[in-house]
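First comes the structure, then the notes that go with it.
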Amino acid sequence: MHALSVKLDDGSLVPPDAANIAAGRYPMSRPLFFITNGPPKGDAKKLIDFVLTARGQELVKKHGYLRLADLRAKGPAVATKK
């Protein structure tokens with residue numbers, strides 16, 4: 001399975017590349033959220049801290065999401081709160 005370009009109302013094609021996903025132009029992408037009940041603590045904090053490491057970001061990429069560095073380099077500002 002692989003993603004296809006999306007044809008917009010004006011007839012233009014938007015391919016599913018990192019730049020279009022990061023900029024929000026590719027409409028069939030999905031964000032990755034970590035939601036906690038208040039500031040993360042305990043195991044939830046350990047998981048989030050790990051995901052923000054270089055190794056964690058490589059796993060994020062391996063599983064089909066853009067790394068934070070990719071989002072910052074190609075798209076709108078991305079907020080991270082620790």
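Here, A, B, ... name the chains of the structure tokens in the order displayed, residue numbers run from 1 inside each chain, and ligands are numbered from 1 in the same displayed order.
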
Tell me, which residues of range 16-76 of chain A carry DSSP alpha helix (DSSP H), written as a ChimeraX atom specification? /A:18-23,42-51,54-62,68-74

Considering only C-alpha atoms, return as a list of chain:residue names whatever protein or nucleic-acid residues lie within 12 Å of range 49-62 of chain A, sequence-local ones (same chain, fewer than 2 positions apart) excluded.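 So the residues in contact are A:Ala18, A:Pro31, A:Leu32, A:Phe33, A:Phe34, A:Pro40, A:Lys41, A:Gly42, A:Asp43, A:Ala44, A:Lys45, A:Lys46, A:Leu47, A:Gly64, A:Tyr65, A:Leu66, A:Arg67, A:Leu68, A:Ala69, A:Asp70, A:Leu71, A:Thr80, A:Lys81, A:Lys82.
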
Suppose we keep N, CA, C and O atoms; can you now write the selection as a tab-separated table (two decimals), in the first residue's frame?
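Below is the file that was written, again17.tsv:
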chain	number	residue	atom	x	y	z
A	18	ALA	N	6.83	14.82	2.31
A	18	ALA	CA	7.02	15.42	3.64
A	18	ALA	C	6.72	16.92	3.65
A	18	ALA	O	6.12	17.42	4.59
A	31	PRO	N	-2.14	13.65	12.48
A	31	PRO	CA	-1.15	14.03	13.49
A	31	PRO	C	-0.97	12.92	14.53
A	31	PRO	O	-1.81	12.02	14.65
A	32	LEU	N	0.11	13.00	15.26
A	32	LEU	CA	0.37	12.08	16.35
A	32	LEU	C	0.28	12.88	17.65
A	32	LEU	O	1.05	13.82	17.85
A	33	PHE	N	-0.69	12.56	18.48
A	33	PHE	CA	-0.89	13.28	19.74
A	33	PHE	C	-0.58	12.38	20.92
A	33	PHE	O	-0.85	11.18	20.88
A	34	PHE	N	-0.05	12.97	21.96
A	34	PHE	CA	0.09	12.33	23.26
A	34	PHE	C	-0.71	13.19	24.22
A	34	PHE	O	-0.35	14.33	24.48
A	40	PRO	N	2.53	15.65	32.07
A	40	PRO	CA	2.91	14.24	32.12
A	40	PRO	C	3.81	13.95	33.31
A	40	PRO	O	4.67	14.74	33.67
A	41	LYS	N	3.59	12.78	33.92
A	41	LYS	CA	4.44	12.35	35.02
A	41	LYS	C	4.50	10.82	34.99
A	41	LYS	O	3.74	10.17	34.28
A	42	GLY	N	5.42	10.27	35.72
A	42	GLY	CA	5.56	8.82	35.81
A	42	GLY	C	5.89	8.20	34.46
A	42	GLY	O	6.70	8.73	33.70
A	43	ASP	N	5.25	7.06	34.15
A	43	ASP	CA	5.52	6.34	32.91
A	43	ASP	C	5.15	7.15	31.67
A	43	ASP	O	5.81	7.06	30.64
A	44	ALA	N	4.08	7.94	31.77
A	44	ALA	CA	3.69	8.78	30.63
A	44	ALA	C	4.80	9.77	30.30
A	44	ALA	O	5.15	9.97	29.12
A	45	LYS	N	5.41	10.37	31.31
A	45	LYS	CA	6.51	11.32	31.09
A	45	LYS	C	7.72	10.60	30.49
A	45	LYS	O	8.37	11.12	29.58
A	46	LYS	N	8.01	9.40	31.00
A	46	LYS	CA	9.13	8.62	30.45
A	46	LYS	C	8.92	8.33	28.97
A	46	LYS	O	9.84	8.45	28.17
A	47	LEU	N	7.70	7.94	28.60
A	47	LEU	CA	7.39	7.65	27.20
A	47	LEU	C	7.55	8.90	26.34
A	47	LEU	O	8.21	8.87	25.29
A	64	GLY	N	5.80	5.86	10.05
A	64	GLY	CA	5.03	6.64	9.11
A	64	GLY	C	4.69	8.07	9.48
A	64	GLY	O	3.93	8.73	8.78
A	65	TYR	N	5.25	8.57	10.56
A	65	TYR	CA	5.01	9.96	10.95
A	65	TYR	C	6.24	10.80	10.64
A	65	TYR	O	7.35	10.27	10.50
A	66	LEU	N	6.07	12.10	10.55
A	66	LEU	CA	7.20	12.99	10.37
A	66	LEU	C	7.83	13.28	11.73
A	66	LEU	O	7.14	13.42	12.73
A	67	ARG	N	9.16	13.38	11.73
A	67	ARG	CA	9.87	13.75	12.96
A	67	ARG	C	9.64	15.24	13.22
A	67	ARG	O	9.30	16.00	12.32
A	68	LEU	N	9.82	15.67	14.46
A	68	LEU	CA	9.66	17.09	14.78
A	68	LEU	C	10.58	17.96	13.92
A	68	LEU	O	10.19	19.03	13.47
A	69	ALA	N	11.80	17.50	13.68
A	69	ALA	CA	12.74	18.27	12.87
A	69	ALA	C	12.20	18.44	11.44
A	69	ALA	O	12.39	19.50	10.84
A	70	ASP	N	11.55	17.43	10.90
A	70	ASP	CA	10.96	17.53	9.56
A	70	ASP	C	9.83	18.55	9.55
A	70	ASP	O	9.71	19.34	8.62
A	71	LEU	N	9.03	18.54	10.58
A	71	LEU	CA	7.91	19.49	10.66
A	71	LEU	C	8.41	20.91	10.80
A	71	LEU	O	7.89	21.83	10.19
A	80	THR	N	5.95	22.39	21.00
A	80	THR	CA	6.15	21.27	21.91
A	80	THR	C	6.24	21.84	23.30
A	80	THR	O	6.85	22.89	23.50
A	81	LYS	N	5.61	21.20	24.23
A	81	LYS	CA	5.60	21.69	25.60
A	81	LYS	C	6.12	20.58	26.50
A	81	LYS	O	5.64	19.46	26.44
A	82	LYS	N	7.12	20.88	27.29
A	82	LYS	CA	7.66	19.89	28.21
A	82	LYS	C	7.27	20.24	29.61
A	82	LYS	O	7.00	21.33	29.97

Show which residues sit within 12 Å of Ile21 in chain A, as a PyMOL selection string. Count only C-alpha atoms, and ignore same-chain residues fewer than 2 positions away. chain A and resi 3+5-6+14-19+23-31+64-67+70-76

Write down as a list of chain:residue names the residues belonging to chain A that are assigned strand (DSSP E) by DSSP computed on the backbone. A:Val6, A:Lys7, A:Leu13, A:Val14
